[in-house]
Amino acid sequence: MSETIDHVSDTAFWVAYYRWMETQRPDALFHDPLAGKLVGDRGEKLARLMGIQRAMAWSMALRTYTIDRYILEAIEGGVDCVVNLGAGLDTRPYRLDMKPDFPWIEVDFPHMIDFKTDALKGETPVCRLERIACDLSQDAAREDLLKALNTRGQSILVLTEGVVPYLTNAAVAELARNLNEQSHVTYWLTDYFSPLFNQISARGKMGKQLQKNAPFQFNPGEAPDDWPRFFADLGWQIDQVRFLGEIGRDLGRDLPANWFIRMFMRFAKEEHLRPYRRMNGYVMLKRGYEIVAINA
């Protein structure tokens with residue numbers, strides 16, 4: 001395997017490495033022992049290549065924690081199936097508290113499905129796990145798959161963790177329309193990055209590395225209501241939004257920074273910190289048209 005990001009699917013090894021790192025902490029927010037088995041030494045090599053390792057470890061730990069909470073709450077609230085599009089090396093079907101008959105469906109590129117299936121051979125999921133190989137960039141294949149998956153539950157949650165940022169606006173719009181056409185898809189859990197985040201990340205080492213073969217492309221606009229308007233126009237409104245910076249603060253896990261930034265964060269007014277705490281997070285979308293202020 002290459003030690004560079006040659007394809008968007010390679011980012012799965014980079015992300016899983018940080019889940020493995022979090023698992024080894026004495027104060028871990030979650031435990032993902034299979035992540036280490038999946039990434040081998042490749043994840044660490046990619047982490048060194050991409051840089052900003054302390055910030056990435058912080059972000060990926062809180063991202064995983066946040067999505068875990070969303071999913072468990074949704075299941076408790078009546079969701080009866082999870083479809084993980086672009087599942088990568090996610091291992092939630094092996095570690096979350098779910099019933100044995102709960103259906104969890106993973107979809108990804110054929111080579112990722114083959115790798116993961118082989119690597120986790122002999123491991124037993126806690127729920128009813130199914131993996132499906134599909135290139136989601138192929139319109140007909142994606143549409144046919146989503147129609148078939150619509151029959152798997154009465155209230156389906158679709159997860160796109162670390163997927164939407166790599167898609168063009170047009171591709172995100174098509175995915176949004178396809179999901180909205182499925183009568184039993186009731187929730188869509190996806191990434192949020194503010195314009196400030198995009199500006200900062202594009203200047204750093206990570207952004208430059210991704211730009212080569214896996215660039216962030218989704219950019220609905222710079223105005224505060226452009227992100228919610230984009231999805232509302234396609235039939236999806238914001239149900240909940242959780243910002244990683246605010247969750248980290250509440251958990252005593254503020255963004256790692258140098259002494260100057262730490263002093264600034266200690267004494268700055270909350271309104272000055274808010275744009276930075278709300279640079280990225282995860283949004284639970286539901287069917288409807290309402291433009292909810294995402295960064296108020």
# chains A, B, ... in the order shown; residues from 1 in each chain; ligands from 1
$ residues_around --residues "Leu85 in chain A" --least-positions-apart "6" --cutoff "10 Å" --atoms "only C-alpha atoms" --output "list of chain:residue names"
A:Ile105, A:Glu106, A:Val107, A:Asp108, A:Phe109, A:Ile132, A:Cys134, A:Leu136, A:Val158, A:Leu159, A:Thr160, A:Glu161, A:Gly162, A:Val163
$ write_last_selection --atoms "N, CA, C and O atoms" --output "CSV table (one decimal), in the first residue's frame"
chain,number,residue,atom,x,y,z
A,105,ILE,N,-25.9,-1.4,7.8
A,105,ILE,CA,-25.4,-1.6,6.4
A,105,ILE,C,-24.3,-0.7,6.1
A,105,ILE,O,-24.4,0.6,6.2
A,106,GLU,N,-23.2,-1.2,5.7
A,106,GLU,CA,-22.0,-0.4,5.3
A,106,GLU,C,-21.9,-0.5,3.8
A,106,GLU,O,-22.0,-1.5,3.1
A,107,VAL,N,-21.6,0.7,3.2
A,107,VAL,CA,-21.4,0.8,1.7
A,107,VAL,C,-20.1,1.5,1.5
A,107,VAL,O,-19.8,2.6,2.1
A,108,ASP,N,-19.3,1.0,0.6
A,108,ASP,CA,-18.0,1.7,0.2
A,108,ASP,C,-17.5,1.1,-1.1
A,108,ASP,O,-18.1,0.2,-1.7
A,109,PHE,N,-16.4,1.6,-1.6
A,109,PHE,CA,-15.8,1.1,-2.8
A,109,PHE,C,-15.5,-0.4,-2.6
A,109,PHE,O,-15.2,-0.8,-1.5
A,132,ILE,N,-21.9,-3.8,1.6
A,132,ILE,CA,-22.2,-3.7,0.1
A,132,ILE,C,-21.2,-2.9,-0.6
A,132,ILE,O,-20.9,-1.8,-0.2
A,134,CYS,N,-20.1,-0.6,-3.6
A,134,CYS,CA,-20.7,0.3,-4.5
A,134,CYS,C,-19.9,1.6,-4.7
A,134,CYS,O,-19.5,2.2,-3.6
A,136,LEU,N,-20.3,5.1,-5.0
A,136,LEU,CA,-21.4,6.0,-4.9
A,136,LEU,C,-21.3,7.2,-5.8
A,136,LEU,O,-22.3,7.9,-6.0
A,158,VAL,N,-29.2,7.6,7.7
A,158,VAL,CA,-28.1,7.5,6.8
A,158,VAL,C,-26.9,8.3,7.4
A,158,VAL,O,-27.1,9.5,7.7
A,159,LEU,N,-25.8,7.7,7.5
A,159,LEU,CA,-24.6,8.4,8.0
A,159,LEU,C,-23.6,8.6,6.8
A,159,LEU,O,-23.3,7.6,6.1
A,160,THR,N,-23.1,9.8,6.7
A,160,THR,CA,-22.0,10.1,5.7
A,160,THR,C,-20.9,10.8,6.5
A,160,THR,O,-20.8,12.0,6.5
A,161,GLU,N,-20.1,10.0,7.2
A,161,GLU,CA,-19.0,10.6,8.0
A,161,GLU,C,-17.8,10.8,7.1
A,161,GLU,O,-17.3,9.8,6.6
A,162,GLY,N,-17.4,12.0,7.0
A,162,GLY,CA,-16.2,12.3,6.2
A,162,GLY,C,-16.4,12.0,4.8
A,162,GLY,O,-15.4,11.6,4.1
A,163,VAL,N,-17.5,12.2,4.2
A,163,VAL,CA,-17.8,11.9,2.8
A,163,VAL,C,-18.2,13.2,2.1
A,163,VAL,O,-17.5,13.5,1.1
$ residues_around --residues "Asp239 in chain A" --least-positions-apart "4" --cutoff "12 Å" --atoms "only C-alpha atoms" --output "PDB file with N, CA, C and O atoms, in the first residue's frame"
ATOM      1  N   TYR A  70     -25.055  10.586  18.792  1.00  0.00           N
ATOM      2  CA  TYR A  70     -26.168  10.810  17.867  1.00  0.00           C
ATOM      3  C   TYR A  70     -26.854   9.488  17.517  1.00  0.00           C
ATOM      4  O   TYR A  70     -28.088   9.380  17.554  1.00  0.00           O
ATOM      5  N   ALA A  74     -30.593   8.215  18.441  1.00  0.00           N
ATOM      6  CA  ALA A  74     -31.548   8.005  17.351  1.00  0.00           C
ATOM      7  C   ALA A  74     -32.178   6.620  17.437  1.00  0.00           C
ATOM      8  O   ALA A  74     -33.388   6.460  17.211  1.00  0.00           O
ATOM      9  N   THR A 186     -35.342   8.768   7.205  1.00  0.00           N
ATOM     10  CA  THR A 186     -35.902   9.862   7.998  1.00  0.00           C
ATOM     11  C   THR A 186     -34.837  10.824   8.511  1.00  0.00           C
ATOM     12  O   THR A 186     -35.138  11.986   8.782  1.00  0.00           O
ATOM     13  N   TYR A 187     -33.599  10.342   8.660  1.00  0.00           N
ATOM     14  CA  TYR A 187     -32.527  11.203   9.173  1.00  0.00           C
ATOM     15  C   TYR A 187     -31.266  11.017   8.330  1.00  0.00           C
ATOM     16  O   TYR A 187     -30.991   9.930   7.822  1.00  0.00           O
ATOM     17  N   TRP A 188     -30.512  12.098   8.258  1.00  0.00           N
ATOM     18  CA  TRP A 188     -29.233  12.091   7.558  1.00  0.00           C
ATOM     19  C   TRP A 188     -28.217  12.810   8.438  1.00  0.00           C
ATOM     20  O   TRP A 188     -28.382  13.993   8.747  1.00  0.00           O
ATOM     21  N   LEU A 189     -27.189  12.097   8.857  1.00  0.00           N
ATOM     22  CA  LEU A 189     -26.162  12.638   9.747  1.00  0.00           C
ATOM     23  C   LEU A 189     -24.907  12.915   8.926  1.00  0.00           C
ATOM     24  O   LEU A 189     -24.344  12.002   8.314  1.00  0.00           O
ATOM     25  N   THR A 190     -24.461  14.174   8.917  1.00  0.00           N
ATOM     26  CA  THR A 190     -23.352  14.531   8.034  1.00  0.00           C
ATOM     27  C   THR A 190     -22.476  15.624   8.617  1.00  0.00           C
ATOM     28  O   THR A 190     -22.821  16.257   9.622  1.00  0.00           O
ATOM     29  N   PRO A 228     -27.342  25.832   5.585  1.00  0.00           N
ATOM     30  CA  PRO A 228     -28.706  25.312   5.790  1.00  0.00           C
ATOM     31  C   PRO A 228     -29.622  25.540   4.593  1.00  0.00           C
ATOM     32  O   PRO A 228     -30.485  24.711   4.318  1.00  0.00           O
ATOM     33  N   PHE A 231     -29.196  22.715   1.859  1.00  0.00           N
ATOM     34  CA  PHE A 231     -29.879  21.460   2.146  1.00  0.00           C
ATOM     35  C   PHE A 231     -31.398  21.628   2.214  1.00  0.00           C
ATOM     36  O   PHE A 231     -32.142  20.736   1.788  1.00  0.00           O
ATOM     37  N   ALA A 232     -31.860  22.763   2.735  1.00  0.00           N
ATOM     38  CA  ALA A 232     -33.309  22.990   2.799  1.00  0.00           C
ATOM     39  C   ALA A 232     -33.915  23.010   1.401  1.00  0.00           C
ATOM     40  O   ALA A 232     -35.011  22.479   1.179  1.00  0.00           O
ATOM     41  N   TYR A 282     -21.143  18.151  13.565  1.00  0.00           N
ATOM     42  CA  TYR A 282     -22.012  17.205  12.859  1.00  0.00           C
ATOM     43  C   TYR A 282     -23.465  17.639  12.989  1.00  0.00           C
ATOM     44  O   TYR A 282     -23.898  18.086  14.051  1.00  0.00           O
ATOM     45  N   VAL A 283     -24.170  17.498  11.867  1.00  0.00           N
ATOM     46  CA  VAL A 283     -25.554  17.961  11.775  1.00  0.00           C
ATOM     47  C   VAL A 283     -26.471  16.779  11.495  1.00  0.00           C
ATOM     48  O   VAL A 283     -26.196  15.970  10.601  1.00  0.00           O
ATOM     49  N   MET A 284     -27.535  16.692  12.263  1.00  0.00           N
ATOM     50  CA  MET A 284     -28.593  15.723  11.982  1.00  0.00           C
ATOM     51  C   MET A 284     -29.660  16.444  11.176  1.00  0.00           C
ATOM     52  O   MET A 284     -30.270  17.413  11.638  1.00  0.00           O
ATOM     53  N   LEU A 285     -29.845  15.982   9.951  1.00  0.00           N
ATOM     54  CA  LEU A 285     -30.860  16.540   9.067  1.00  0.00           C
ATOM     55  C   LEU A 285     -32.104  15.670   9.081  1.00  0.00           C
ATOM     56  O   LEU A 285     -32.017  14.456   9.289  1.00  0.00           O
ATOM     57  N   LYS A 286     -33.246  16.286   8.871  1.00  0.00           N
ATOM     58  CA  LYS A 286     -34.502  15.553   8.715  1.00  0.00           C
ATOM     59  C   LYS A 286     -35.261  16.160   7.547  1.00  0.00           C
ATOM     60  O   LYS A 286     -34.930  17.248   7.066  1.00  0.00           O
ATOM     61  N   ARG A 287     -36.267  15.454   7.092  1.00  0.00           N
ATOM     62  CA  ARG A 287     -37.037  15.942   5.953  1.00  0.00           C
ATOM     63  C   ARG A 287     -37.741  17.259   6.303  1.00  0.00           C
ATOM     64  O   ARG A 287     -38.248  17.420   7.399  1.00  0.00           O
ATOM     65  N   GLY A 288     -37.762  18.185   5.337  1.00  0.00           N
ATOM     66  CA  GLY A 288     -38.489  19.427   5.538  1.00  0.00           C
ATOM     67  C   GLY A 288     -37.769  20.603   4.909  1.00  0.00           C
ATOM     68  O   GLY A 288     -36.630  20.498   4.444  1.00  0.00           O
ATOM     69  N   TYR A 289     -38.449  21.735   4.905  1.00  0.00           N
ATOM     70  CA  TYR A 289     -37.852  22.973   4.393  1.00  0.00           C
ATOM     71  C   TYR A 289     -37.962  24.044   5.469  1.00  0.00           C
ATOM     72  O   TYR A 289     -39.027  24.598   5.724  1.00  0.00           O
ATOM     73  N   GLU A 290     -36.862  24.290   6.111  1.00  0.00           N
ATOM     74  CA  GLU A 290     -36.754  25.369   7.068  1.00  0.00           C
ATOM     75  C   GLU A 290     -35.284  25.741   7.157  1.00  0.00           C
ATOM     76  O   GLU A 290     -34.426  24.886   7.347  1.00  0.00           O
ATOM     77  N   ILE A 291     -34.990  27.018   7.007  1.00  0.00           N
ATOM     78  CA  ILE A 291     -33.594  27.458   7.058  1.00  0.00           C
ATOM     79  C   ILE A 291     -33.284  27.850   8.500  1.00  0.00           C
ATOM     80  O   ILE A 291     -33.659  28.914   8.972  1.00  0.00           O
ATOM     81  N   VAL A 292     -32.618  26.937   9.189  1.00  0.00           N
ATOM     82  CA  VAL A 292     -32.266  27.128  10.584  1.00  0.00           C
ATOM     83  C   VAL A 292     -30.877  27.755  10.669  1.00  0.00           C
ATOM     84  O   VAL A 292     -29.951  27.287  10.002  1.00  0.00           O
ATOM     85  N   ALA A 293     -30.719  28.786  11.468  1.00  0.00           N
ATOM     86  CA  ALA A 293     -29.411  29.427  11.629  1.00  0.00           C
ATOM     87  C   ALA A 293     -28.449  28.431  12.266  1.00  0.00           C
ATOM     88  O   ALA A 293     -28.662  27.992  13.395  1.00  0.00           O
ATOM     89  N   ILE A 294     -27.387  28.082  11.547  1.00  0.00           N
ATOM     90  CA  ILE A 294     -26.509  27.035  12.027  1.00  0.00           C
ATOM     91  C   ILE A 294     -25.416  27.563  12.946  1.00  0.00           C
ATOM     92  O   ILE A 294     -24.838  26.832  13.742  1.00  0.00           O
TER      93      ILE A 294
END
$ closest_residue --among "A:Thr124, A:Thr151, A:Thr117, A:Gln217" --to "Tyr94 in chain A" --atoms "only C-alpha atoms"
A:Thr124
$ select_by_dssp --residues "range 79-192 of chain A" --states "helix (DSSP H, G or I)" --output "PyMOL selection string"
chain A and resi 92-95+110-119+139-149+164-166+169-180
$ residues_around --residues "Gly252 in chain A" --least-positions-apart "6" --cutoff "12 Å" --atoms "only C-alpha atoms" --output "list in words"
Asp27, Leu29, Trp58, Leu62, Leu244, Gly245 and Glu246 of chain A
$ write_last_selection --atoms "N, CA and C atoms" --output "PDB file, in the first residue's frame"
ATOM      1  N   ASP A  27      -8.087   8.247  29.665  1.00  0.00           N
ATOM      2  CA  ASP A  27      -9.370   8.959  29.755  1.00  0.00           C
ATOM      3  C   ASP A  27     -10.120   8.904  28.431  1.00  0.00           C
ATOM      4  N   LEU A  29     -12.541   8.628  25.347  1.00  0.00           N
ATOM      5  CA  LEU A  29     -13.971   8.909  25.203  1.00  0.00           C
ATOM      6  C   LEU A  29     -14.724   7.712  24.637  1.00  0.00           C
ATOM      7  N   TRP A  58      -7.413  15.353  18.534  1.00  0.00           N
ATOM      8  CA  TRP A  58      -8.520  16.004  19.256  1.00  0.00           C
ATOM      9  C   TRP A  58      -9.801  15.952  18.434  1.00  0.00           C
ATOM     10  N   LEU A  62     -13.330  13.639  19.188  1.00  0.00           N
ATOM     11  CA  LEU A  62     -14.619  14.285  19.439  1.00  0.00           C
ATOM     12  C   LEU A  62     -15.628  13.983  18.335  1.00  0.00           C
ATOM     13  N   LEU A 244     -17.921  20.539  17.504  1.00  0.00           N
ATOM     14  CA  LEU A 244     -16.874  19.821  18.217  1.00  0.00           C
ATOM     15  C   LEU A 244     -16.186  20.693  19.255  1.00  0.00           C
ATOM     16  N   GLY A 245     -15.984  21.968  18.943  1.00  0.00           N
ATOM     17  CA  GLY A 245     -15.329  22.856  19.898  1.00  0.00           C
ATOM     18  C   GLY A 245     -16.117  23.018  21.182  1.00  0.00           C
ATOM     19  N   GLU A 246     -17.431  23.083  21.069  1.00  0.00           N
ATOM     20  CA  GLU A 246     -18.268  23.232  22.259  1.00  0.00           C
ATOM     21  C   GLU A 246     -18.342  21.923  23.041  1.00  0.00           C
TER      22      GLU A 246
END
$ closest_residue --among "A:Ala16, A:Leu149, A:Leu179, A:Asn169" --to "Gly40 in chain A" --atoms "only C-alpha atoms"
A:Ala16
$ select_by_dssp --residues "range 96-183 of chain A" --states "strand (DSSP E)" --output "VMD selection string"
chain A and resid 103 to 108 128 to 133 156 to 160
$ residues_around --residues "range 30-32 of chain A" --least-positions-apart "6" --cutoff "12 Å" --atoms "only C-alpha atoms" --output "MDAnalysis selection string"
chainID A and resid 16:24 38:39 60:69 89:97
$ closest_residue --among "A:Gly43, A:Gly78, A:Pro220, A:Gly235" --to "Gly153 in chain A" --atoms "only C-alpha atoms"
A:Gly78
$ residues_around --residues "Glu174 in chain A" --least-positions-apart "4" --cutoff "12 Å" --atoms "only C-alpha atoms" --output "PyMOL selection string"
chain A and resi 136-140+142-143+164+167-170+178-181+230-231+234-235
$ write_last_selection --atoms "N, CA, C and O atoms" --output "compact mmCIF listing (two decimals), in the first residue's frame"
# COMPACT_ATOMS: atom_id res chain seq x y z
N LEU A 136 -20.25 5.05 -5.05
CA LEU A 136 -21.37 5.99 -4.88
C LEU A 136 -21.30 7.16 -5.84
O LEU A 136 -22.28 7.92 -5.95
N SER A 137 -20.19 7.33 -6.53
CA SER A 137 -20.09 8.41 -7.52
C SER A 137 -20.79 8.05 -8.82
O SER A 137 -21.02 8.92 -9.67
N GLN A 138 -21.16 6.78 -8.97
CA GLN A 138 -21.88 6.33 -10.17
C GLN A 138 -23.38 6.50 -9.94
O GLN A 138 -23.98 5.81 -9.11
N ASP A 139 -23.99 7.42 -10.66
CA ASP A 139 -25.37 7.82 -10.39
C ASP A 139 -26.36 6.66 -10.41
O ASP A 139 -27.16 6.49 -9.48
N ALA A 140 -26.34 5.86 -11.46
CA ALA A 140 -27.32 4.77 -11.58
C ALA A 140 -27.15 3.74 -10.47
O ALA A 140 -28.14 3.30 -9.88
N ARG A 142 -25.80 4.19 -7.52
CA ARG A 142 -26.20 4.79 -6.23
C ARG A 142 -27.73 4.84 -6.09
O ARG A 142 -28.28 4.49 -5.04
N GLU A 143 -28.39 5.26 -7.14
CA GLU A 143 -29.85 5.37 -7.09
C GLU A 143 -30.49 4.00 -6.89
O GLU A 143 -31.42 3.85 -6.09
N VAL A 164 -19.13 13.96 2.58
CA VAL A 164 -19.63 15.14 1.88
C VAL A 164 -18.54 16.18 1.58
O VAL A 164 -18.53 16.76 0.48
N LEU A 167 -16.96 15.83 -1.86
CA LEU A 167 -17.82 15.84 -3.04
C LEU A 167 -18.01 17.26 -3.56
O LEU A 167 -17.93 18.23 -2.81
N THR A 168 -18.30 17.38 -4.84
CA THR A 168 -18.65 18.68 -5.41
C THR A 168 -20.05 19.08 -4.94
O THR A 168 -20.84 18.23 -4.49
N ASN A 169 -20.38 20.35 -5.07
CA ASN A 169 -21.72 20.80 -4.72
C ASN A 169 -22.78 20.02 -5.50
O ASN A 169 -23.83 19.65 -4.97
N ALA A 170 -22.52 19.79 -6.79
CA ALA A 170 -23.48 19.07 -7.63
C ALA A 170 -23.66 17.64 -7.15
O ALA A 170 -24.79 17.13 -7.13
N ASN A 178 -31.47 12.04 -3.98
CA ASN A 178 -31.65 10.59 -3.94
C ASN A 178 -32.13 10.13 -2.57
O ASN A 178 -33.02 9.28 -2.46
N LEU A 179 -31.54 10.67 -1.51
CA LEU A 179 -31.96 10.29 -0.16
C LEU A 179 -33.37 10.76 0.13
O LEU A 179 -34.16 10.05 0.76
N ASN A 180 -33.71 11.95 -0.35
CA ASN A 180 -35.04 12.49 -0.09
C ASN A 180 -36.12 11.69 -0.80
O ASN A 180 -37.28 11.67 -0.37
N GLU A 181 -35.75 11.03 -1.89
CA GLU A 181 -36.70 10.20 -2.64
C GLU A 181 -37.05 8.92 -1.91
O GLU A 181 -38.03 8.25 -2.26
N PHE A 230 -28.76 25.49 1.40
CA PHE A 230 -28.40 24.50 0.40
C PHE A 230 -29.19 23.21 0.62
O PHE A 230 -29.79 22.67 -0.31
N PHE A 231 -29.20 22.72 1.86
CA PHE A 231 -29.88 21.46 2.15
C PHE A 231 -31.40 21.63 2.21
O PHE A 231 -32.14 20.74 1.79
N LEU A 234 -33.14 21.28 -0.95
CA LEU A 234 -33.16 19.91 -1.44
C LEU A 234 -33.99 19.00 -0.54
O LEU A 234 -33.95 17.78 -0.67
N GLY A 235 -34.77 19.61 0.37
CA GLY A 235 -35.71 18.84 1.18
C GLY A 235 -35.19 18.38 2.52
O GLY A 235 -35.83 17.54 3.17
$ closest_residue --among "A:Asp10, A:Ser155, A:His272, A:Gly248" --to "Asp80 in chain A" --atoms "only C-alpha atoms"
A:Ser155
